[in-house]
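Next comes query_37.cif, with mmCIF, C-alpha atoms and all ligand atoms.
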```cif
data_final
loop_
_atom_site.group_PDB
_atom_site.id
_atom_site.type_symbol
_atom_site.label_atom_id
_atom_site.label_comp_id
_atom_site.auth_asym_id
_atom_site.auth_seq_id
_atom_site.Cartn_x
_atom_site.Cartn_y
_atom_site.Cartn_z
ATOM 1 C CA MET G 44 79.168 121.303 139.755
ATOM 2 C CA THR G 45 81.553 124.143 138.811
ATOM 3 C CA SER G 46 84.687 122.697 137.378
ATOM 4 C CA GLN G 47 87.961 124.622 137.439
ATOM 5 C CA ARG G 48 88.222 123.542 133.800
ATOM 6 C CA PHE G 49 85.109 125.438 132.602
ATOM 7 C CA ARG G 50 85.484 128.606 130.544
ATOM 8 C CA CYS G 51 83.002 130.814 128.758
ATOM 9 C CA PRO G 52 82.416 129.595 125.166
ATOM 10 C CA ARG G 53 81.692 133.229 124.169
ATOM 11 C CA CYS G 54 84.728 135.134 125.476
ATOM 12 C CA GLY G 55 87.059 132.508 126.963
ATOM 13 C CA GLU G 56 87.014 133.853 130.546
ATOM 14 C CA ARG G 57 86.303 131.683 133.601
ATOM 15 C CA VAL G 58 82.749 130.989 134.746
ATOM 16 C CA GLN G 59 81.633 130.972 138.380
ATOM 17 C CA GLU G 60 78.597 129.490 140.114
ATOM 18 C CA LYS G 61 76.078 132.326 140.545
ATOM 19 C CA SER G 62 73.186 130.292 141.998
ATOM 20 C CA ARG G 63 72.154 126.639 142.266
ATOM 21 C CA CYS G 64 71.069 126.674 138.643
ATOM 22 C CA THR G 65 73.233 129.334 136.956
ATOM 23 C CA LEU G 66 76.880 129.992 136.118
ATOM 24 C CA GLU G 67 78.118 133.493 135.282
ATOM 25 C CA CYS G 68 81.012 134.459 133.024
ATOM 26 C CA GLU G 69 83.608 136.619 134.830
ATOM 27 C CA GLY G 70 84.343 138.427 131.557
ATOM 28 C CA CYS G 71 81.171 139.075 129.553
ATOM 29 C CA THR G 72 78.749 138.325 132.506
ATOM 30 C CA TYR G 73 76.638 135.982 130.297
ATOM 31 C CA LEU G 74 74.487 133.625 132.401
ATOM 32 C CA PHE G 75 74.612 129.916 131.631
ATOM 33 C CA PRO G 76 71.834 127.693 133.040
ATOM 34 C CA ILE G 77 72.384 124.429 134.920
ATOM 35 C CA LEU G 78 69.522 122.033 134.130
ATOM 36 C CA GLY G 79 69.051 118.713 135.923
ATOM 37 C CA GLY G 80 72.573 119.137 137.283
ATOM 38 C CA VAL G 81 74.022 119.629 133.774
ATOM 39 C CA PRO G 82 75.641 123.011 132.924
ATOM 40 C CA VAL G 83 74.602 124.348 129.511
ATOM 41 C CA LEU G 84 77.813 125.931 128.210
ATOM 42 C CA LEU G 85 76.780 126.614 124.627
ATOM 43 C CA PRO G 86 77.744 129.992 123.081
ATOM 44 C CA ASP G 87 74.019 130.730 122.617
ATOM 45 C CA ALA G 88 72.787 128.942 125.758
ATOM 46 C CA LEU G 89 69.830 131.288 126.357
ATOM 47 C CA GLU G 90 68.450 131.015 122.796
ATOM 48 C CA TRP G 91 68.933 127.241 123.070
ATOM 49 C CA VAL G 92 66.806 127.108 126.235
ATOM 50 C CA GLY G 93 64.095 129.185 124.536
ATOM 51 C CA ALA G 94 64.084 126.946 121.449
ATOM 52 C CA TYR G 95 64.079 123.641 123.385
ATOM 53 C CA ARG G 96 61.906 124.798 126.294
ATOM 54 C CA GLU G 97 59.227 122.091 125.974
ATOM 55 C CA SER G 98 61.731 119.303 125.411
ATOM 56 C CA ILE G 99 63.867 120.431 128.364
ATOM 57 C CA LEU G 100 60.854 120.466 130.676
ATOM 58 C CA ALA G 101 59.643 117.055 129.415
ATOM 59 C CA CYS G 102 63.076 115.516 129.796
ATOM 60 C CA LEU G 103 63.630 116.833 133.359
ATOM 61 C CA VAL G 104 60.096 115.931 134.471
ATOM 62 C CA SER G 105 60.344 112.371 133.129
ATOM 63 C CA ASP G 106 63.613 111.949 134.984
ATOM 64 C CA GLY G 107 61.983 113.274 138.191
ATOM 65 C CA GLN G 108 64.743 115.879 138.510
ATOM 66 C CA ILE G 109 62.945 119.176 138.071
ATOM 67 C CA MET G 110 62.965 121.808 140.839
ATOM 68 C CA ASP G 111 60.911 125.008 141.168
ATOM 69 C CA ASP G 112 63.895 127.306 140.583
ATOM 70 C CA GLU G 113 64.675 125.490 137.335
ATOM 71 C CA VAL G 114 61.095 125.852 136.073
ATOM 72 C CA GLN G 115 61.231 129.589 136.877
ATOM 73 C CA LEU G 116 64.603 129.945 135.169
ATOM 74 C CA ILE G 117 63.440 128.137 132.007
ATOM 75 C CA GLN G 118 60.240 130.191 131.952
ATOM 76 C CA GLY G 119 62.145 133.456 132.509
ATOM 77 C CA ILE G 120 64.621 132.719 129.726
ATOM 78 C CA SER G 121 61.823 131.655 127.329
ATOM 79 C CA ASP G 122 59.980 134.931 127.982
ATOM 80 C CA LEU G 123 63.137 136.821 127.002
ATOM 81 C CA THR G 124 63.888 134.710 123.929
ATOM 82 C CA PRO G 125 60.620 134.188 122.047
ATOM 83 C CA ILE G 126 60.955 131.632 119.249
ATOM 84 C CA ASP G 127 58.970 130.824 116.128
ATOM 85 C CA GLU G 128 59.222 127.073 116.249
ATOM 86 C CA ALA G 129 59.890 124.815 119.237
ATOM 87 C CA LEU G 130 62.698 122.285 118.676
ATOM 88 C CA ARG G 131 62.817 118.709 119.945
ATOM 89 C CA PHE G 132 65.770 116.668 121.194
ATOM 90 C CA ALA G 133 66.609 113.811 118.834
ATOM 91 C CA LYS G 134 66.649 110.327 120.348
ATOM 92 C CA ASP G 135 69.829 108.935 118.819
ATOM 93 C CA TRP G 136 70.281 105.608 120.634
ATOM 94 C CA ASP G 137 68.530 102.312 121.313
ATOM 95 C CA SER G 138 67.766 100.453 124.561
ATOM 96 C CA ARG G 139 70.633 98.062 123.892
ATOM 97 C CA GLU G 140 73.120 100.959 123.853
ATOM 98 C CA LEU G 141 71.564 102.365 127.031
ATOM 99 C CA GLY G 142 72.497 99.104 128.752
ATOM 100 C CA LYS G 143 68.879 98.558 129.840
ATOM 101 C CA ALA G 144 67.194 95.351 128.712
ATOM 102 C CA ASN G 145 64.019 96.030 126.788
ATOM 103 C CA PRO G 146 61.979 92.796 126.949
ATOM 104 C CA SER G 147 59.931 93.488 123.828
ATOM 105 C CA VAL G 148 63.075 94.117 121.771
ATOM 106 C CA GLU G 149 64.821 91.067 123.266
ATOM 107 C CA PHE G 150 61.792 88.898 122.456
ATOM 108 C CA GLN G 151 61.422 90.012 118.870
ATOM 109 C CA SER G 152 65.046 90.270 117.903
ATOM 110 C CA ASN G 153 66.105 86.625 117.974
ATOM 111 C CA SER G 154 67.145 86.606 114.326
ATOM 112 C CA ARG G 155 70.303 84.530 114.124
ATOM 113 C CA GLN G 156 71.459 86.511 111.101
ATOM 114 C CA LEU G 157 71.350 89.818 112.970
ATOM 115 C CA GLN G 158 72.829 88.300 116.116
ATOM 116 C CA ARG G 159 75.751 86.952 114.120
ATOM 117 C CA ILE G 160 76.603 90.469 112.958
ATOM 118 C CA GLU G 161 76.192 91.841 116.487
ATOM 119 C CA ASP G 162 78.439 89.077 117.885
ATOM 120 C CA HIS G 163 81.063 89.973 115.324
ATOM 121 C CA GLU G 164 80.819 93.610 116.389
ATOM 122 C CA ARG G 165 81.138 92.661 120.072
ATOM 123 C CA GLU G 166 84.234 90.538 119.415
ATOM 124 C CA SER G 167 86.225 92.818 117.148
ATOM 125 C CA GLY G 168 84.163 95.909 116.303
ATOM 126 C CA LEU G 169 84.591 99.608 116.994
ATOM 127 C CA TYR G 170 83.884 99.585 120.733
ATOM 128 C CA ARG G 171 86.118 96.574 121.473
ATOM 129 C CA THR G 172 88.916 98.264 119.495
ATOM 130 C CA VAL G 173 88.503 101.655 121.195
ATOM 131 C CA GLU G 174 88.344 100.008 124.637
ATOM 132 C CA ALA G 175 91.669 98.278 123.898
ATOM 133 C CA LEU G 176 93.212 101.507 122.555
ATOM 134 C CA THR G 177 92.089 103.493 125.640
ATOM 135 C CA ALA G 178 92.774 100.829 128.298
ATOM 136 C CA ASP G 179 95.724 102.766 129.752
ATOM 137 C CA LEU G 180 94.289 106.302 129.618
ATOM 138 C CA ALA G 181 94.888 107.016 133.278
ATOM 139 C CA GLY G 182 94.386 110.785 133.219
ATOM 140 C CA ASP G 183 91.612 113.325 132.685
ATOM 141 C CA VAL G 184 89.442 112.431 129.713
ATOM 142 C CA LEU G 185 86.902 114.458 127.728
ATOM 143 C CA GLU G 186 84.407 112.618 125.536
ATOM 144 C CA ILE G 187 82.662 114.667 122.836
ATOM 145 C CA GLY G 188 79.226 113.682 121.467
ATOM 146 C CA ALA G 189 79.131 111.038 124.177
ATOM 147 C CA GLY G 190 75.381 110.419 123.856
ATOM 148 C CA ILE G 191 74.082 108.005 126.508
ATOM 149 C CA GLY G 192 77.605 106.984 127.556
ATOM 150 C CA ARG G 193 78.141 103.664 125.832
ATOM 151 C CA LEU G 194 81.922 104.203 125.965
ATOM 152 C CA ALA G 195 81.989 106.264 129.180
ATOM 153 C CA ARG G 196 80.750 103.209 131.093
ATOM 154 C CA SER G 197 84.000 101.399 130.353
ATOM 155 C CA LEU G 198 86.200 104.527 130.620
ATOM 156 C CA VAL G 199 85.250 105.271 134.253
ATOM 157 C CA ALA G 200 87.215 102.199 135.331
ATOM 158 C CA VAL G 201 90.498 103.451 133.851
ATOM 159 C CA THR G 202 90.460 107.262 133.912
ATOM 160 C CA ARG G 203 91.152 109.714 136.765
ATOM 161 C CA THR G 204 88.285 112.017 135.770
ATOM 162 C CA ILE G 205 85.869 111.921 132.868
ATOM 163 C CA CYS G 206 83.745 114.682 131.401
ATOM 164 C CA VAL G 207 81.127 113.951 128.731
ATOM 165 C CA LEU G 208 79.864 116.689 126.410
ATOM 166 C CA ASP G 209 76.923 116.581 124.007
ATOM 167 C CA ASN G 210 74.738 119.242 122.396
ATOM 168 C CA ASN G 211 71.621 117.234 123.370
ATOM 169 C CA LEU G 212 70.457 117.333 127.019
ATOM 170 C CA ARG G 213 68.301 114.226 126.821
ATOM 171 C CA PRO G 214 71.009 111.512 126.639
ATOM 172 C CA LEU G 215 72.995 113.307 129.366
ATOM 173 C CA VAL G 216 69.968 113.155 131.683
ATOM 174 C CA GLU G 217 68.859 109.613 130.748
ATOM 175 C CA GLY G 218 72.134 107.781 130.251
ATOM 176 C CA TYR G 219 74.313 108.208 133.334
ATOM 177 C CA ASP G 220 72.460 106.445 136.170
ATOM 178 C CA GLY G 221 75.008 104.702 138.297
ATOM 179 C CA LEU G 222 77.905 106.793 136.951
ATOM 180 C CA PRO G 223 77.966 109.589 139.563
ATOM 181 C CA GLY G 224 81.607 110.538 138.979
ATOM 182 C CA VAL G 225 81.012 111.563 135.373
ATOM 183 C CA GLN G 226 80.855 115.355 134.751
ATOM 184 C CA ARG G 227 78.171 116.087 132.140
ATOM 185 C CA VAL G 228 78.084 119.264 130.017
ATOM 186 C CA VAL G 229 75.821 120.499 127.223
ATOM 187 C CA GLY G 230 78.198 122.110 124.747
ATOM 188 C CA ASP G 231 79.265 122.339 121.138
ATOM 189 C CA ALA G 232 82.150 120.352 119.681
ATOM 190 C CA GLY G 233 83.299 123.440 117.762
ATOM 191 C CA ALA G 234 83.409 125.796 120.792
ATOM 192 C CA LEU G 235 84.584 123.696 123.747
ATOM 193 C CA PRO G 236 83.846 125.412 127.087
ATOM 194 C CA PHE G 237 87.112 124.358 128.744
ATOM 195 C CA VAL G 238 90.377 126.126 129.538
ATOM 196 C CA ASP G 239 93.516 125.390 127.483
ATOM 197 C CA GLU G 240 95.404 122.162 128.210
ATOM 198 C CA ALA G 241 92.704 120.886 130.586
ATOM 199 C CA TYR G 242 92.709 117.231 129.466
ATOM 200 C CA ASN G 243 95.041 114.318 128.737
ATOM 201 C CA ALA G 244 92.710 112.750 126.177
ATOM 202 C CA VAL G 245 89.823 113.816 123.956
ATOM 203 C CA ILE G 246 87.627 111.099 122.453
ATOM 204 C CA ALA G 247 84.910 111.584 119.829
ATOM 205 C CA LEU G 248 83.195 108.496 118.436
ATOM 206 C CA ASN G 249 80.954 108.862 115.394
ATOM 207 C CA VAL G 250 80.469 112.597 115.761
ATOM 208 C CA VAL G 251 82.782 114.411 113.317
ATOM 209 C CA ASP G 252 80.654 113.365 110.333
ATOM 210 C CA LEU G 253 77.748 115.277 111.931
ATOM 211 C CA LEU G 254 79.667 118.520 112.396
ATOM 212 C CA GLU G 255 79.484 121.541 110.140
ATOM 213 C CA SER G 256 83.214 122.022 110.671
ATOM 214 C CA PRO G 257 85.257 118.982 111.775
ATOM 215 C CA GLU G 258 88.263 121.330 111.481
ATOM 216 C CA ALA G 259 86.887 123.602 114.238
ATOM 217 C CA PHE G 260 86.610 120.536 116.476
ATOM 218 C CA PHE G 261 90.197 119.371 115.737
ATOM 219 C CA ALA G 262 91.472 122.894 116.539
ATOM 220 C CA GLU G 263 89.507 122.902 119.815
ATOM 221 C CA ALA G 264 90.734 119.400 120.709
ATOM 222 C CA ALA G 265 94.347 120.572 120.222
ATOM 223 C CA ARG G 266 93.679 123.617 122.443
ATOM 224 C CA VAL G 267 92.137 121.724 125.394
ATOM 225 C CA LEU G 268 94.766 118.951 125.320
ATOM 226 C CA GLY G 269 98.007 119.231 127.240
ATOM 227 C CA ALA G 270 101.365 118.388 125.616
ATOM 228 C CA GLU G 271 101.430 114.705 124.649
ATOM 229 C CA GLY G 272 97.622 114.626 124.929
ATOM 230 C CA ILE G 273 95.848 111.950 122.928
ATOM 231 C CA VAL G 274 92.922 112.355 120.545
ATOM 232 C CA VAL G 275 90.806 109.320 119.571
ATOM 233 C CA VAL G 276 88.344 109.923 116.744
ATOM 234 C CA SER G 277 86.128 107.446 114.932
ATOM 235 C CA THR G 278 83.752 107.964 112.038
ATOM 236 C CA PRO G 279 81.977 105.997 109.322
ATOM 237 C CA ASP G 280 83.027 108.772 106.914
ATOM 238 C CA PRO G 281 86.739 109.626 107.171
ATOM 239 C CA THR G 282 86.468 111.368 103.769
ATOM 240 C CA LEU G 283 84.921 114.215 105.825
ATOM 241 C CA GLY G 284 82.002 114.476 103.432
ATOM 242 C CA ILE G 285 83.989 114.873 100.197
ATOM 243 C CA PRO G 286 82.693 112.215 97.779
ATOM 244 C CA ASP G 287 86.043 111.024 96.400
ATOM 245 C CA GLY G 288 86.493 107.930 98.590
ATOM 246 C CA ASP G 289 89.726 109.269 100.159
ATOM 247 C CA ARG G 290 89.642 107.538 103.567
ATOM 248 C CA GLY G 291 93.024 109.044 104.473
ATOM 249 C CA ARG G 292 91.608 112.576 104.645
ATOM 250 C CA MET G 293 90.631 112.609 108.332
ATOM 251 C CA ALA G 294 94.045 111.413 109.541
ATOM 252 C CA ARG G 295 95.785 114.071 107.393
ATOM 253 C CA CYS G 296 93.399 116.739 108.634
ATOM 254 C CA ILE G 297 94.094 115.789 112.269
ATOM 255 C CA SER G 298 97.849 116.015 111.643
ATOM 256 C CA ASP G 299 97.333 119.543 110.209
ATOM 257 C CA TYR G 300 96.333 120.594 113.758
ATOM 258 C CA GLY G 301 99.688 119.630 115.287
ATOM 259 C CA PHE G 302 98.971 115.970 116.033
ATOM 260 C CA GLU G 303 101.209 113.020 115.240
ATOM 261 C CA VAL G 304 99.038 110.167 113.962
ATOM 262 C CA MET G 305 99.935 106.959 115.811
ATOM 263 C CA THR G 306 97.239 104.454 114.804
ATOM 264 C CA VAL G 307 94.680 104.179 112.015
ATOM 265 C CA GLU G 308 92.340 101.180 112.059
ATOM 266 C CA ASP G 309 89.724 100.931 109.340
ATOM 267 C CA ASP G 310 86.735 98.720 108.558
ATOM 268 C CA LEU G 311 85.574 98.347 112.181
ATOM 269 C CA LEU G 312 81.958 97.305 112.635
ATOM 270 C CA TRP G 313 79.528 99.633 114.405
ATOM 271 C CA THR G 314 75.871 98.647 114.554
ATOM 272 C CA ARG G 315 72.696 100.289 115.771
ATOM 273 C CA ARG G 316 69.312 98.604 116.242
ATOM 274 C CA PRO G 317 66.579 101.272 115.823
ATOM 275 C CA GLN G 318 63.863 98.605 115.456
ATOM 276 C CA PRO G 319 63.831 94.946 116.547
ATOM 277 C CA HIS G 320 64.132 93.765 112.928
ATOM 278 C CA GLU G 321 66.333 96.563 111.667
ATOM 279 C CA LEU G 322 70.064 96.524 112.144
ATOM 280 C CA GLN G 323 72.056 99.442 110.774
ATOM 281 C CA VAL G 324 75.593 98.347 109.985
ATOM 282 C CA PHE G 325 78.418 100.830 109.500
ATOM 283 C CA THR G 326 82.105 100.330 108.982
ATOM 284 C CA THR G 327 84.135 102.930 110.789
ATOM 285 C CA GLN G 328 87.693 104.167 110.964
ATOM 286 C CA VAL G 329 89.413 105.076 114.220
ATOM 287 C CA VAL G 330 92.410 107.402 114.378
ATOM 288 C CA VAL G 331 94.595 107.844 117.462
ATOM 289 C CA ALA G 332 96.962 110.800 117.428
ATOM 290 C CA ARG G 333 99.256 112.554 119.913
ATOM 291 C CA ARG G 334 99.617 116.301 120.363
ATOM 292 C CA GLY G 335 103.196 117.436 119.846
HETATM 293 C C1 LIG Z 401 75.852 109.110 116.309
HETATM 294 S S1 LIG Z 401 75.801 109.693 117.963
HETATM 295 C C2 LIG Z 401 77.225 108.894 118.665
HETATM 296 C C3 LIG Z 401 77.097 108.707 120.141
HETATM 297 C C4 LIG Z 401 78.280 107.962 120.794
HETATM 298 N N1 LIG Z 401 79.534 108.713 120.653
HETATM 299 C C5 LIG Z 401 78.398 106.579 120.180
HETATM 300 O O1 LIG Z 401 79.371 106.333 119.475
HETATM 301 O O2 LIG Z 401 77.524 105.742 120.459
HETATM 302 C C6 LIG Z 401 76.349 111.378 117.776
HETATM 303 C C7 LIG Z 401 76.281 112.200 119.058
HETATM 304 O O3 LIG Z 401 76.906 113.458 118.802
HETATM 305 C C8 LIG Z 401 76.101 114.484 119.333
HETATM 306 N N2 LIG Z 401 76.404 115.729 118.588
HETATM 307 C C9 LIG Z 401 76.027 116.033 117.312
HETATM 308 N N3 LIG Z 401 76.488 117.247 116.954
HETATM 309 C C10 LIG Z 401 77.174 117.732 118.038
HETATM 310 C C11 LIG Z 401 77.880 118.953 118.304
HETATM 311 N N4 LIG Z 401 77.975 119.930 117.389
HETATM 312 N N5 LIG Z 401 78.464 119.108 119.521
HETATM 313 C C12 LIG Z 401 78.364 118.133 120.468
HETATM 314 N N6 LIG Z 401 77.701 116.955 120.277
HETATM 315 C C13 LIG Z 401 77.120 116.756 119.081
HETATM 316 C C14 LIG Z 401 74.673 113.973 119.171
HETATM 317 O O4 LIG Z 401 73.772 114.621 120.042
HETATM 318 C C15 LIG Z 401 74.849 112.485 119.493
HETATM 319 O O5 LIG Z 401 74.727 112.217 120.875
HETATM 320 ZN ZN ZN Z 402 82.090 135.343 128.616
#
```
Please express what this file holds, its structure, as structure tokens.
Amino acid sequence: MTSQRFRCPRCGERVQEKSRCTLECEGCTYLFPILGGVPVLLPDALEWVGAYRESILACLVSDGQIMDDEVQLIQGISDLTPIDEALRFAKDWDSRELGKANPSVEFQSNSRQLQRIEDHERESGLYRTVEALTADLAGDVLEIGAGIGRLARSLVAVTRTICVLDNNLRPLVEGYDGLPGVQRVVGDAGALPFVDEAYNAVIALNVVDLLESPEAFFAEAARVLGAEGIVVVSTPDPTLGIPDGDRGRMARCISDYGFEVMTVEDDLLWTRRPQPHELQVFTTQVVVARRG
């Protein structure tokens, strides 16, 4: 559970296991909960538990993972951190991505037009491209915004260790059945709870466009990567939100953080199927860069 790589996202000191469901910072003594086996290493972990209390309980109960000490911990934290409005975890994936067949979706989604696009994605789209680009990542890999683990499922075969981080507990609890070796962490891409130079590769697919500060993430990626470490970032919006159509901006921004850009591939298909008859189609860019 406690990884030697963890550090406090508030003060940067190491964290130690305090009880079965808490970690304590050796510097500022902040307590971080462990819920359903997943450490919550957010800078404001206690407020987060208070705000998501109902969703956390629902998600752990539905997974059959909840224990009495966790219920008491969640209740205790919520009493200390009263909130105005309860927040819910977004469900940002479909059953196809989860790798579980959903018969009703399979039955209704036999449109040849949509399948043609999905086939094209499978043959030469984002995931196929990233799998090829990461096929020889033999070391310790951190995936940011990993969601239900669509990529992690292929990475486990090639990496020494893999840690997946997301700021949503629900995909981390629902998505990793049958992947026991994967370390899961609730955390924020802009305040990574890991010691310096902990990883050989950091991967973030389709996340940077959701961040308030992609720059904070690139700085954190550079910090947690060892020399020669690799960053792999994909996004449908490499303009980083500036509406001038400059698709070179993300690669330049990554190089500003001490990375040498090695590969840029653009126009890669990424699809999502929120409803049987609805296919969302994105074109994405992937950048691979090496830390100097
Ligand atoms: C569009 S999904 C992509 C999931 C997966 N990487 C993929 O390509 O299928 C974005 C993911 O990033 C996560 N995320 C969003 N903001 C985040 C943040 N600040 N820190 C960590 N994860 C974040 C979301 O919870 C979600 O799982
Ligand atoms: Zn601390």
**Prompt:** Nearest to Val184 in chain G among G:Leu222, G:Val245, G:Leu130, G:Leu235, with distances taken over only C-alpha atoms: which residue is it?
**Reply:**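 Closest residue, counting only C-alpha atoms: G:Val245.
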**Message:** Quick one: residues within 10 Å of Phe237 in chain G, all atoms listed in the file, excluding same-chain residues fewer than 6 positions away - as JSON, numbers by chain?
**Reply:** {"G": [46, 47, 48, 49, 50, 51, 52, 55, 56, 57, 58, 84, 185, 263, 266, 267, 268]}
**Request:** Would you kindly translate the PyMOL selection byres (((not hetatm)) within 10 of (chain Z and resi 401)) into the concrete residues it picks from this file, as a ChimeraX atom specification?
**Result:** /G:85,132-137,140-141,169-170,186-195,207-215,228-235,246-257,260,276-279,313-315
**Request:** Find the spatial neighbours of Val330 in chain G, counting only C-alpha atoms, within a cut-off of 10 Å - ignore same-chain residues fewer than 6 positions away - and output them as a ChimeraX atom specification.
**Result:** /G:173,274-278,281,293-294,297,304-309
Take the selection from the previous step and output its residues with C-alpha atoms, as an mmCIF file, keeping the file's coordinate frame.
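Resulting contents of again_32.cif:
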```cif
data_model
loop_
_atom_site.group_PDB
_atom_site.id
_atom_site.type_symbol
_atom_site.label_atom_id
_atom_site.label_comp_id
_atom_site.auth_asym_id
_atom_site.auth_seq_id
_atom_site.Cartn_x
_atom_site.Cartn_y
_atom_site.Cartn_z
ATOM 1 C CA VAL G 173 88.503 101.655 121.195
ATOM 2 C CA VAL G 274 92.922 112.355 120.545
ATOM 3 C CA VAL G 275 90.806 109.320 119.571
ATOM 4 C CA VAL G 276 88.344 109.923 116.744
ATOM 5 C CA SER G 277 86.128 107.446 114.932
ATOM 6 C CA THR G 278 83.752 107.964 112.038
ATOM 7 C CA PRO G 281 86.739 109.626 107.171
ATOM 8 C CA MET G 293 90.631 112.609 108.332
ATOM 9 C CA ALA G 294 94.045 111.413 109.541
ATOM 10 C CA ILE G 297 94.094 115.789 112.269
ATOM 11 C CA VAL G 304 99.038 110.167 113.962
ATOM 12 C CA MET G 305 99.935 106.959 115.811
ATOM 13 C CA THR G 306 97.239 104.454 114.804
ATOM 14 C CA VAL G 307 94.680 104.179 112.015
ATOM 15 C CA GLU G 308 92.340 101.180 112.059
ATOM 16 C CA ASP G 309 89.724 100.931 109.340
#
```
**For Ser105 in chain G: contacts at 12 Å, only C-alpha atoms, fewer than 5 positions along chain excluded, given as a VMD selection string** = chain G and resid 79 98 to 100 213 216 to 217
Considering all atoms listed in the file, tabulate each residue of chain G that lies at most 6 Å from ligand ZN 402 (chain Z) along with its nearest interatomic pair and the corresponding distance in Å to one decimal; arrange the rows by chain and ascending residue number and present them as a tab-separated table.
```
residue	atom	partner	partner_atom	distance
G:Cys51	CA	Z:ZN402	ZN	4.6
G:Arg53	CA	Z:ZN402	ZN	4.9
G:Cys54	CA	Z:ZN402	ZN	4.1
G:Gly55	CA	Z:ZN402	ZN	6.0
G:Glu56	CA	Z:ZN402	ZN	5.5
G:Cys68	CA	Z:ZN402	ZN	4.6
G:Gly70	CA	Z:ZN402	ZN	4.8
G:Cys71	CA	Z:ZN402	ZN	4.0
G:Thr72	CA	Z:ZN402	ZN	5.9
G:Tyr73	CA	Z:ZN402	ZN	5.7
```
I need the residues from that last selection saved to file as a PDB file, in the coordinates of the input (with C-alpha atoms), if you can.
```pdb
ATOM      1  CA  CYS G  51      83.002 130.814 128.758  1.00  0.00           C
ATOM      2  CA  ARG G  53      81.692 133.229 124.169  1.00  0.00           C
ATOM      3  CA  CYS G  54      84.728 135.134 125.476  1.00  0.00           C
ATOM      4  CA  GLY G  55      87.059 132.508 126.963  1.00  0.00           C
ATOM      5  CA  GLU G  56      87.014 133.853 130.546  1.00  0.00           C
ATOM      6  CA  CYS G  68      81.012 134.459 133.024  1.00  0.00           C
ATOM      7  CA  GLY G  70      84.343 138.427 131.557  1.00  0.00           C
ATOM      8  CA  CYS G  71      81.171 139.075 129.553  1.00  0.00           C
ATOM      9  CA  THR G  72      78.749 138.325 132.506  1.00  0.00           C
ATOM     10  CA  TYR G  73      76.638 135.982 130.297  1.00  0.00           C
TER      11      TYR G  73
END
```
